>>> print(open('data-v7.cif').read())   # mmCIF, C-alpha atoms
data_data
loop_
_atom_site.label_atom_id
_atom_site.label_comp_id
_atom_site.auth_asym_id
_atom_site.auth_seq_id
_atom_site.Cartn_x
_atom_site.Cartn_y
_atom_site.Cartn_z
CA MET H 1 -2.01 118.31 299.86
CA LYS H 2 -0.34 121.71 299.83
CA TRP H 3 -1.77 125.11 298.98
CA LEU H 4 0.25 128.13 297.91
CA LYS H 5 -1.32 131.36 299.11
CA LYS H 6 -1.59 133.95 296.35
CA GLY H 7 -2.84 136.86 298.45
CA ARG H 8 -5.95 138.88 299.10
CA ILE H 9 -8.17 139.70 296.14
CA PHE H 10 -10.81 141.98 297.62
CA GLU H 11 -11.09 144.20 300.69
CA PRO H 12 -14.20 146.28 301.50
CA LYS H 13 -13.17 149.93 301.71
CA GLY H 14 -16.36 151.84 301.10
CA GLN H 15 -16.44 151.25 297.35
CA THR H 16 -20.18 151.90 297.79
CA PRO H 17 -22.11 153.11 300.87
CA TRP H 18 -23.18 149.53 301.56
CA MET H 19 -19.72 148.01 300.92
CA LYS H 20 -17.81 149.12 304.03
CA LYS H 21 -17.47 145.88 305.98
CA TYR H 22 -16.99 142.24 305.06
CA GLY H 23 -16.33 140.36 301.87
CA ILE H 24 -17.77 137.21 303.36
CA LEU H 25 -18.27 133.68 301.98
CA PRO H 26 -16.56 134.05 298.59
CA THR H 27 -18.52 131.81 296.22
CA PRO H 28 -16.77 131.23 292.88
CA TYR H 29 -18.31 130.16 289.59
CA TYR H 30 -16.18 129.60 286.49
CA ILE H 31 -17.54 131.08 283.24
CA PRO H 32 -15.24 129.61 280.55
CA GLU H 33 -16.71 131.49 277.58
CA LYS H 34 -15.77 134.78 279.24
CA GLU H 35 -12.49 133.53 280.73
CA ILE H 36 -13.59 134.77 284.15
CA ILE H 37 -14.41 133.51 287.59
CA ARG H 38 -17.42 135.29 289.08
CA ILE H 39 -17.08 135.45 292.86
CA PHE H 40 -20.28 136.18 294.77
CA PHE H 41 -19.91 137.47 298.34
CA GLY H 42 -21.72 139.26 301.14
CA THR H 43 -20.82 142.81 302.15
CA SER H 44 -22.38 145.43 304.40
CA ALA H 45 -22.50 148.99 305.65
CA GLU H 46 -21.89 149.78 309.33
CA ASP H 47 -25.19 148.10 310.22
CA ASN H 48 -23.80 144.60 309.46
CA ILE H 49 -26.75 143.84 307.16
CA CYS H 50 -25.10 142.05 304.26
CA LYS H 51 -26.16 142.25 300.64
CA ILE H 52 -24.87 139.92 297.94
CA THR H 53 -22.82 141.26 295.07
CA TYR H 54 -19.89 139.93 293.00
CA ILE H 55 -16.59 140.58 291.34
CA ASP H 56 -15.27 139.08 288.11
CA VAL H 57 -11.63 138.02 288.12
CA SER H 58 -9.41 136.65 285.39
CA ALA H 59 -9.61 132.87 285.06
CA ASN H 60 -5.90 132.89 284.28
CA ASN H 61 -4.97 135.17 287.16
CA PRO H 62 -7.61 135.46 289.92
CA SER H 63 -5.62 138.29 291.51
CA GLU H 64 -6.76 140.49 288.61
CA ILE H 65 -10.17 142.07 289.20
CA ILE H 66 -11.90 142.71 285.89
CA HIS H 67 -15.19 144.04 287.25
CA LEU H 68 -16.68 144.99 290.61
CA GLN H 69 -20.48 144.98 290.64
CA LYS H 70 -21.54 148.11 292.52
CA GLU H 71 -25.25 147.34 292.65
CA PRO H 72 -26.53 144.58 294.94
CA LEU H 73 -27.46 141.34 293.23
CA LEU H 74 -29.64 140.52 296.23
CA SER H 75 -30.57 142.64 299.25
CA GLU H 76 -32.08 141.78 302.62
CA GLY H 77 -35.65 140.51 302.74
CA GLU H 78 -38.77 142.25 303.95
CA ILE H 79 -39.36 142.90 307.65
CA GLY H 80 -40.28 139.69 309.40
CA LEU H 81 -38.80 137.33 306.82
CA PHE H 82 -36.00 134.86 307.55
CA ASP H 83 -33.47 137.01 305.66
CA GLU H 84 -34.56 140.45 306.91
CA HIS H 85 -31.16 141.17 308.48
CA GLY H 86 -28.97 140.17 305.57
CA LEU H 87 -27.75 137.29 303.46
CA ASN H 88 -24.59 135.58 302.27
CA PRO H 89 -24.07 133.26 299.27
CA SER H 90 -23.17 129.59 299.61
CA GLN H 91 -23.09 128.06 296.09
CA LEU H 92 -24.29 128.62 292.54
CA VAL H 93 -25.76 125.47 291.00
CA ILE H 94 -27.27 124.78 287.55
CA ILE H 95 -30.53 122.85 287.97
CA ASN H 96 -32.55 121.88 284.89
CA ASN H 97 -30.47 124.32 282.84
CA LYS H 98 -31.31 127.22 285.14
CA PRO H 99 -28.84 128.94 287.51
CA TYR H 100 -29.75 129.04 291.20
CA LEU H 101 -27.76 130.89 293.82
CA PHE H 102 -28.17 129.23 297.19
CA TYR H 103 -27.73 131.58 300.11
CA ILE H 104 -27.96 132.00 303.88
CA GLY H 105 -30.57 134.32 305.39
CA TYR H 106 -30.01 136.06 308.73
CA GLN H 107 -32.60 137.03 311.29
CA ARG H 108 -31.52 138.68 314.54
CA MET H 109 -33.19 137.62 317.77
CA MET H 110 -33.43 138.76 321.39
CA SER H 111 -32.87 135.45 323.20
CA VAL H 112 -30.06 134.29 320.90
CA PRO H 113 -27.97 136.44 318.53
CA TYR H 114 -29.45 135.12 315.27
CA LEU H 115 -31.15 132.39 313.27
CA LEU H 116 -29.70 131.18 309.95
CA PHE H 117 -31.69 129.36 307.30
CA ALA H 118 -30.94 128.42 303.69
CA SER H 119 -32.82 129.33 300.54
CA TYR H 120 -32.12 130.10 296.89
CA VAL H 121 -32.80 132.66 294.19
CA GLU H 122 -33.06 131.95 290.47
CA LEU H 123 -30.74 134.12 288.38
CA ASN H 124 -30.92 135.14 284.75
CA SER H 125 -28.60 133.48 282.22
CA SER H 126 -26.04 136.27 282.61
CA LEU H 127 -25.87 135.61 286.36
CA ASP H 128 -26.26 139.30 287.12
CA LYS H 129 -29.93 139.63 288.05
CA ALA H 130 -32.29 137.85 290.46
CA ILE H 131 -35.53 136.84 288.75
CA LEU H 132 -37.28 134.56 291.24
CA ARG H 133 -36.88 134.72 295.01
CA ARG H 134 -38.47 132.74 297.81
CA LYS H 135 -39.96 134.27 300.97
CA ILE H 136 -39.42 131.17 303.06
CA PRO H 137 -36.35 129.00 303.70
CA LEU H 138 -35.60 125.97 301.57
CA LEU H 139 -34.64 124.11 304.73
CA ASP H 140 -36.87 125.45 307.49
CA ARG H 141 -36.72 124.57 311.18
CA THR H 142 -37.80 121.11 312.34
CA GLU H 143 -38.15 119.36 315.68
CA GLN H 144 -34.70 117.87 315.23
CA GLU H 145 -33.08 121.01 313.76
CA PRO H 146 -34.78 124.08 315.25
CA TYR H 147 -31.97 126.67 315.25
CA ILE H 148 -29.81 126.78 312.13
CA ARG H 149 -29.99 125.00 308.76
CA SER H 150 -27.79 126.82 306.30
CA ALA H 151 -24.70 127.01 304.06
CA ILE H 152 -25.70 124.34 301.55
CA THR H 153 -23.23 122.69 299.17
CA ILE H 154 -24.61 120.45 296.40
CA ILE H 155 -23.44 117.68 294.07
CA GLN H 156 -25.76 116.15 291.46
CA GLU H 157 -25.82 112.35 291.21
CA SER H 158 -27.94 111.24 288.22
CA ASP H 159 -31.47 112.54 288.98
CA THR H 160 -30.72 113.11 292.67
CA TYR H 161 -29.03 116.02 294.41
CA PHE H 162 -26.79 115.42 297.43
CA LEU H 163 -26.81 118.26 299.96
CA TRP H 164 -24.51 118.93 302.88
CA TYR H 165 -25.37 121.78 305.21
CA VAL H 166 -24.72 123.38 308.59
CA SER H 167 -27.10 122.44 311.39
CA ALA H 168 -27.07 123.79 314.97
CA TYR H 169 -28.24 121.54 317.77
CA LYS H 170 -27.93 123.87 320.77
CA TRP H 171 -26.73 127.26 322.01
CA GLU H 172 -24.00 127.44 324.63
CA LEU H 173 -22.63 130.27 326.74
CA LEU H 174 -18.86 130.17 326.25
CA ASN H 175 -16.44 131.85 328.62
CA THR H 176 -12.94 131.22 327.30
CA GLU H 177 -10.03 133.45 326.44
CA LEU H 178 -11.39 133.61 322.90
CA PHE H 179 -15.11 133.82 323.66
CA LYS H 180 -15.67 135.91 326.76
CA ASN H 181 -19.14 135.14 328.11
CA LYS H 182 -20.56 134.86 324.59
CA LEU H 183 -23.57 132.86 323.49
CA MET H 184 -22.56 130.63 320.57
CA PRO H 185 -24.31 127.93 318.52
CA ASN H 186 -23.00 124.37 318.55
CA TYR H 187 -23.21 123.13 314.97
CA HIS H 188 -22.21 120.22 312.81
CA ILE H 189 -22.70 119.17 309.18
CA LYS H 190 -25.72 117.17 308.06
CA PHE H 191 -26.60 115.35 304.82
CA ALA H 192 -29.77 115.21 302.73
CA LYS H 193 -30.96 114.03 299.31
CA THR H 194 -33.64 115.44 297.04
CA ARG H 195 -34.91 115.17 293.49
CA ASN H 196 -37.12 118.24 293.41
CA PHE H 197 -35.93 120.56 296.24
CA ILE H 198 -39.35 120.14 297.83
CA ASP H 199 -39.11 116.71 299.44
CA PHE H 200 -35.90 115.94 301.33
CA ASP H 201 -34.53 112.67 302.63
CA ILE H 202 -32.59 113.83 305.70
CA TYR H 203 -29.87 111.58 307.08
CA GLU H 204 -30.53 111.43 310.80
CA LYS H 205 -26.97 111.63 312.15
CA PRO H 206 -24.42 114.37 311.50
CA VAL H 207 -21.77 113.42 308.96
CA ILE H 208 -19.10 115.80 310.32
CA LYS H 209 -19.14 116.38 314.08
CA ALA H 210 -16.98 117.32 317.04
CA GLU H 211 -14.29 114.83 318.01
CA SER H 212 -12.94 116.69 321.03
CA GLU H 213 -14.27 118.80 323.89
CA ASP H 214 -12.76 121.93 322.37
CA GLU H 215 -14.56 121.65 319.01
CA PHE H 216 -18.03 123.15 318.75
CA GLY H 217 -18.64 124.29 315.17
CA PHE H 218 -18.27 123.22 311.54
CA GLY H 219 -19.17 126.00 309.12
CA ARG H 220 -19.68 126.43 305.37
CA PRO H 221 -18.96 123.01 303.87
CA TRP H 222 -17.79 122.87 300.26
CA CYS H 223 -17.90 119.54 298.45
CA ILE H 224 -16.52 118.29 295.16
CA LYS H 225 -16.22 114.79 293.69
CA GLU H 226 -13.08 113.44 292.06
CA GLY H 227 -13.47 109.95 290.61
CA ASP H 228 -15.24 107.92 293.28
CA THR H 229 -14.12 110.16 296.14
CA TYR H 230 -16.11 112.97 297.72
CA LYS H 231 -13.95 115.73 299.16
CA MET H 232 -15.11 118.31 301.66
CA TRP H 233 -13.54 121.46 303.05
CA TYR H 234 -15.13 123.24 306.00
CA SER H 235 -14.47 125.81 308.72
CA LEU H 236 -13.49 124.23 312.03
CA ARG H 237 -14.30 126.23 315.16
CA ARG H 238 -12.83 125.57 318.59
CA LYS H 239 -13.42 127.14 321.99
CA ASN H 240 -9.81 128.28 322.28
CA ILE H 241 -8.63 128.57 318.65
CA PRO H 242 -10.19 130.84 315.96
CA TYR H 243 -11.51 129.32 312.74
CA ARG H 244 -9.25 127.03 310.75
CA ILE H 245 -9.96 125.12 307.55
CA GLY H 246 -10.59 121.39 307.85
CA TYR H 247 -10.80 118.60 305.30
CA ALA H 248 -12.48 115.18 304.96
CA GLU H 249 -13.01 112.44 302.38
CA SER H 250 -15.83 109.95 301.75
CA MET H 251 -16.74 107.21 299.30
CA ASP H 252 -20.51 107.60 299.69
CA GLY H 253 -21.05 111.18 300.89
CA ILE H 254 -22.29 109.98 304.29
CA ASN H 255 -19.38 108.25 306.01
CA TRP H 256 -16.49 110.70 306.17
CA ILE H 257 -12.91 110.37 307.34
CA ARG H 258 -11.60 113.62 308.72
CA LYS H 259 -8.11 114.50 307.49
CA ASP H 260 -7.68 117.96 308.97
CA ALA H 261 -3.93 117.48 309.34
CA GLU H 262 -3.67 117.03 305.56
CA VAL H 263 -5.55 120.20 304.57
CA GLY H 264 -2.27 121.95 303.68
CA ILE H 265 -3.23 125.54 304.52
CA ASP H 266 -3.08 127.55 307.75
CA VAL H 267 -3.01 131.13 309.02
CA SER H 268 -0.23 133.44 307.84
CA GLU H 269 2.47 134.88 310.08
CA ASN H 270 0.99 138.34 309.68
CA GLY H 271 -1.58 140.28 307.72
CA TRP H 272 -5.20 139.90 306.73
CA ASP H 273 -5.40 136.11 307.38
CA SER H 274 -3.00 135.79 310.33
CA GLU H 275 -5.66 135.22 313.01
CA MET H 276 -8.08 132.90 311.26
CA ILE H 277 -8.92 131.34 307.90
CA CYS H 278 -12.44 130.19 307.09
CA TYR H 279 -15.27 129.64 304.60
CA PRO H 280 -13.29 127.86 301.84
CA ALA H 281 -14.63 127.27 298.33
CA VAL H 282 -12.62 125.07 295.95
CA ILE H 283 -12.96 124.99 292.16
CA LYS H 284 -10.98 123.63 289.23
CA VAL H 285 -10.22 126.09 286.44
CA LYS H 286 -8.53 124.58 283.40
CA ASP H 287 -5.53 122.69 284.82
CA LYS H 288 -5.45 124.49 288.17
CA VAL H 289 -7.34 124.16 291.45
CA TYR H 290 -8.08 127.27 293.49
CA MET H 291 -9.35 127.79 297.01
CA PHE H 292 -11.09 131.06 297.80
CA TYR H 293 -11.40 131.84 301.50
CA ASN H 294 -11.88 134.47 304.20
CA GLY H 295 -9.39 135.69 306.77
CA ASN H 296 -9.49 137.61 310.05
CA ASN H 297 -12.73 138.44 311.84
CA ASN H 298 -14.89 136.11 309.75
CA GLY H 299 -14.34 137.94 306.50
CA ALA H 300 -14.22 141.54 307.73
CA THR H 301 -10.81 141.83 306.01
CA GLY H 302 -12.11 140.51 302.70
CA PHE H 303 -11.12 137.37 300.82
CA GLY H 304 -8.18 135.89 298.99
CA TYR H 305 -7.17 132.67 297.32
CA ALA H 306 -4.63 129.88 297.22
CA GLU H 307 -3.52 127.49 294.48
CA LEU H 308 -3.15 123.76 294.94
CA VAL H 309 0.47 122.89 294.24
CA GLU H 310 0.66 119.38 295.69
CA GLU H 311 -2.10 116.73 295.83
#
>>> encode(input="data-v7.cif", output="structure tokens")
Amino acid sequence: MKWLKKGRIFEPKGQTPWMKKYGILPTPYYIPEKEIIRIFFGTSAEDNICKITYIDVSANNPSEIIHLQKEPLLSEGEIGLFDEHGLNPSQLVIINNKPYLFYIGYQRMMSVPYLLFASYVELNSSLDKAILRRKIPLLDRTEQEPYIRSAITIIQESDTYFLWYVSAYKWELLNTELFKNKLMPNYHIKFAKTRNFIDFDIYEKPVIKAESEDEFGFGRPWCIKEGDTYKMWYSLRRKNIPYRIGYAESMDGINWIRKDAEVGIDVSENGWDSEMICYPAVIKVKDKVYMFYNGNNNGATGFGYAELVEE
């Protein structure tokens, strides 16, 4: 496949006091009756505590911002909760005719930098107000997954929902040219099934995992299904190379063939996404397919998009 980069859409520049850094994890949702794509994202003040807000862009030209929401859709949780230090979106999903925004909650720690766990909030029909929020993670820590369970992507199959998510299995002190004596999680992508989002059938083994000594992280999966084929984009992290976007295919959602060399998008020669590209989200709008993604410094420079020009 081949993607044509169309440029940066949004950059945090102090549009509000809490919108000075990051436009992280762009999460698009197509609203055909309004001819817009609503892109949820996390943004923060100098304290790095992200709130979730959104922009609306033209469905015909995503470079055109129609509306910037200047009030948070969702702010950090109460002191002591799993999302007390901020949150980022991961996907908006319609479940039983109700919209749910799945998100990642942050909690800073002393022994390790942070914990990340997934939850969701029910939105109103206009997708501009949170009406029901949980105080606990959807996927909480377990004996097998005690550190991170976050960044859910979902596909519905009949009365069952397939979930893929990020799971950390250890913390490691890295001392490379890129990570100088920095404690980092080692994380891969897991799979689960549920019918009610209460009981989960967790597949024991990771479905996307490291294949070399240099690889240590696979972030923010995004899955779609075309025909009988599941397609997944993710952020690939290496000890000596900043984030890049990877790609894999599967016929059952569990057994994946990595095709990173075929992803068709890489860093630019210069500019906002010249050092890294990460956190992709892919949607089809009319007859076009768009990828929204972050650039340098894990989204500190905002987000842009690319158009699929060759399958």
>>> residues_around(input="data-v7.cif", residues="region 29-33 of chain H", least_positions_apart="3", cutoff="10 Å", atoms="all atoms listed in the file", output="JSON, numbers by chain")
{"H": [26, 36, 37, 38, 39, 40, 56, 57, 58, 59, 91, 92, 93, 126, 127, 281, 282, 283, 284, 285, 286]}
>>> resolve_selection(input="data-v7.cif", expression="the PyMOL selection byres ((chain H and resi 170-183) around 9)", output="ChimeraX atom specification")
/H:112-113,146-147,168-169,184-187,239-242
>>> atom_distance(input="data-v7.cif", atom1="CA of Thr27 (chain H)", atom2="CA of Lys205 (chain H)")
27.1 Å
>>> closest_residue(input="data-v7.cif", among="H:Thr16, H:Leu236, H:Gly253, H:Glu262", to="Phe216 (chain H)", atoms="all atoms listed in the file")
H:Leu236
>>> resolve_selection(input="data-v7.cif", expression="the PyMOL selection byres ((chain H and resi 86) around 6)", output="list in words")
Ile49, Cys50, Glu76, Asp83, Glu84, His85, Leu87 and Tyr106 of chain H
>>> resolve_selection(input="data-v7.cif", expression="the PyMOL selection byres ((chain H and resi 69) around 8)", output="PyMOL selection string")
chain H and resi 53-55+67-68+70-72
>>> atom_distance(input="data-v7.cif", atom1="CA of Ser235 (chain H)", atom2="CA of Leu115 (chain H)")
18.5 Å
>>> atom_distance(input="data-v7.cif", atom1="CA of Ala210 (chain H)", atom2="CA of His188 (chain H)")
7.3 Å
>>> axis_aligned_box(input="data-v7.cif", around="region 85-89 of chain H", padding_each_side="6 Å", output="AutoDock Vina command-line options")
--center_x -27.6 --center_y 137.2 --center_z 303.9 --size_x 19.1 --size_y 19.9 --size_z 21.2
>>> closest_residue(input="data-v7.cif", among="H:Thr43, H:Ser111, H:Ser212, H:Ser167", to="Pro89 (chain H)", atoms="only C-alpha atoms")
H:Thr43
>>> closest_residue(input="data-v7.cif", among="H:Ala306, H:Ile148, H:Ile79, H:Met251", to="Gly219 (chain H)", atoms="only C-alpha atoms")
H:Ile148
>>> residues_near_point(input="data-v7.cif", point="(-7.3, 121.3, 307.9)", cutoff="6 Å", atoms="only C-alpha atoms", output="MDAnalysis selection string")
chainID H and resid 245:247 260:261 263
>>> write_last_selection(input="data-v7.cif", atoms="C-alpha atoms", output="PDB file, in the coordinates of the input")
ATOM      1  CA  ILE H 245      -9.960 125.120 307.550  1.00  0.00           C
ATOM      2  CA  GLY H 246     -10.590 121.390 307.850  1.00  0.00           C
ATOM      3  CA  TYR H 247     -10.800 118.600 305.300  1.00  0.00           C
ATOM      4  CA  ASP H 260      -7.680 117.960 308.970  1.00  0.00           C
ATOM      5  CA  ALA H 261      -3.930 117.480 309.340  1.00  0.00           C
ATOM      6  CA  VAL H 263      -5.550 120.200 304.570  1.00  0.00           C
TER       7      VAL H 263
END
>>> residues_near_point(input="data-v7.cif", point="(-17.6, 108.6, 300.4)", cutoff="12 Å", atoms="all atoms listed in the file", output="list in words")
Phe162, Val207, Cys223, Ile224, Lys225, Glu226, Gly227, Asp228, Thr229, Tyr230, Lys231, Met232, Ala248, Glu249, Ser250, Met251, Asp252, Gly253, Ile254, Asn255, Trp256, Ile257 and Arg258 of chain H
>>> closest_residue(input="data-v7.cif", among="H:Tyr279, H:Phe10, H:Tyr103, H:Phe218", to="Pro137 (chain H)", atoms="all atoms listed in the file")
H:Tyr103
>>> residues_around(input="data-v7.cif", residues="Ile202 (chain H)", least_positions_apart="6", cutoff="10 Å", atoms="only C-alpha atoms", output="PyMOL selection string")
chain H and resi 163-164+190-194
>>> residues_around(input="data-v7.cif", residues="region 264-267 of chain H", least_positions_apart="2", cutoff="8 Å", atoms="all atoms listed in the file", output="CSV table (one decimal) with C-alpha atoms, keeping the file's coordinate frame")
chain,number,residue,atom,x,y,z
H,1,MET,CA,-2.0,118.3,299.9
H,2,LYS,CA,-0.3,121.7,299.8
H,3,TRP,CA,-1.8,125.1,299.0
H,4,LEU,CA,0.2,128.1,297.9
H,244,ARG,CA,-9.2,127.0,310.8
H,245,ILE,CA,-10.0,125.1,307.6
H,261,ALA,CA,-3.9,117.5,309.3
H,262,GLU,CA,-3.7,117.0,305.6
H,269,GLU,CA,2.5,134.9,310.1
H,273,ASP,CA,-5.4,136.1,307.4
H,274,SER,CA,-3.0,135.8,310.3
H,275,GLU,CA,-5.7,135.2,313.0
H,276,MET,CA,-8.1,132.9,311.3
H,277,ILE,CA,-8.9,131.3,307.9
>>> closest_residue(input="data-v7.cif", among="H:Val309, H:Leu74, H:Ala300, H:Ile95", to="Glu11 (chain H)", atoms="all atoms listed in the file")
H:Ala300
>>> decode(input="data-v7.cif", residues="region 251-291 of chain H", atoms="C-alpha atoms", output="mmCIF file, in the first residue's frame")
data_model
loop_
_atom_site.group_PDB
_atom_site.id
_atom_site.type_symbol
_atom_site.label_atom_id
_atom_site.label_comp_id
_atom_site.auth_asym_id
_atom_site.auth_seq_id
_atom_site.Cartn_x
_atom_site.Cartn_y
_atom_site.Cartn_z
ATOM 1 C CA MET H 251 -8.022 -14.058 8.846
ATOM 2 C CA ASP H 252 -9.322 -14.728 12.370
ATOM 3 C CA GLY H 253 -8.181 -11.751 14.463
ATOM 4 C CA ILE H 254 -5.811 -13.934 16.496
ATOM 5 C CA ASN H 255 -3.133 -15.203 14.124
ATOM 6 C CA TRP H 256 -1.488 -12.206 12.496
ATOM 7 C CA ILE H 257 1.120 -11.862 9.776
ATOM 8 C CA ARG H 258 3.216 -8.766 10.249
ATOM 9 C CA LYS H 259 3.752 -6.791 7.042
ATOM 10 C CA ASP H 260 5.564 -3.743 8.380
ATOM 11 C CA ALA H 261 7.523 -3.325 5.154
ATOM 12 C CA GLU H 262 4.230 -2.865 3.282
ATOM 13 C CA VAL H 263 2.785 -0.132 5.519
ATOM 14 C CA GLY H 264 3.604 2.533 2.909
ATOM 15 C CA ILE H 265 4.226 5.491 5.227
ATOM 16 C CA ASP H 266 7.343 6.728 7.035
ATOM 17 C CA VAL H 267 8.818 9.846 8.627
ATOM 18 C CA SER H 268 9.207 12.980 6.513
ATOM 19 C CA GLU H 269 12.531 14.529 5.560
ATOM 20 C CA ASN H 270 11.809 17.511 7.782
ATOM 21 C CA GLY H 271 9.088 19.120 9.828
ATOM 22 C CA TRP H 272 6.555 18.055 12.422
ATOM 23 C CA ASP H 273 6.720 14.291 11.636
ATOM 24 C CA SER H 274 10.386 13.951 10.642
ATOM 25 C CA GLU H 275 11.547 12.165 13.810
ATOM 26 C CA MET H 276 8.703 9.748 14.446
ATOM 27 C CA ILE H 277 5.203 8.796 13.323
ATOM 28 C CA CYS H 278 2.818 6.997 15.658
ATOM 29 C CA TYR H 279 -0.714 6.304 16.921
ATOM 30 C CA PRO H 280 -2.438 5.727 13.547
ATOM 31 C CA ALA H 281 -6.218 5.593 13.107
ATOM 32 C CA VAL H 282 -7.632 4.546 9.729
ATOM 33 C CA ILE H 283 -11.173 5.210 8.484
ATOM 34 C CA LYS H 284 -13.016 5.060 5.178
ATOM 35 C CA VAL H 285 -14.945 8.185 4.203
ATOM 36 C CA LYS H 286 -17.037 7.846 1.053
ATOM 37 C CA ASP H 287 -14.597 6.513 -1.563
ATOM 38 C CA LYS H 288 -11.421 7.501 0.275
ATOM 39 C CA VAL H 289 -9.368 6.004 3.103
ATOM 40 C CA TYR H 290 -7.613 8.297 5.554
ATOM 41 C CA MET H 291 -4.995 7.706 8.218
#
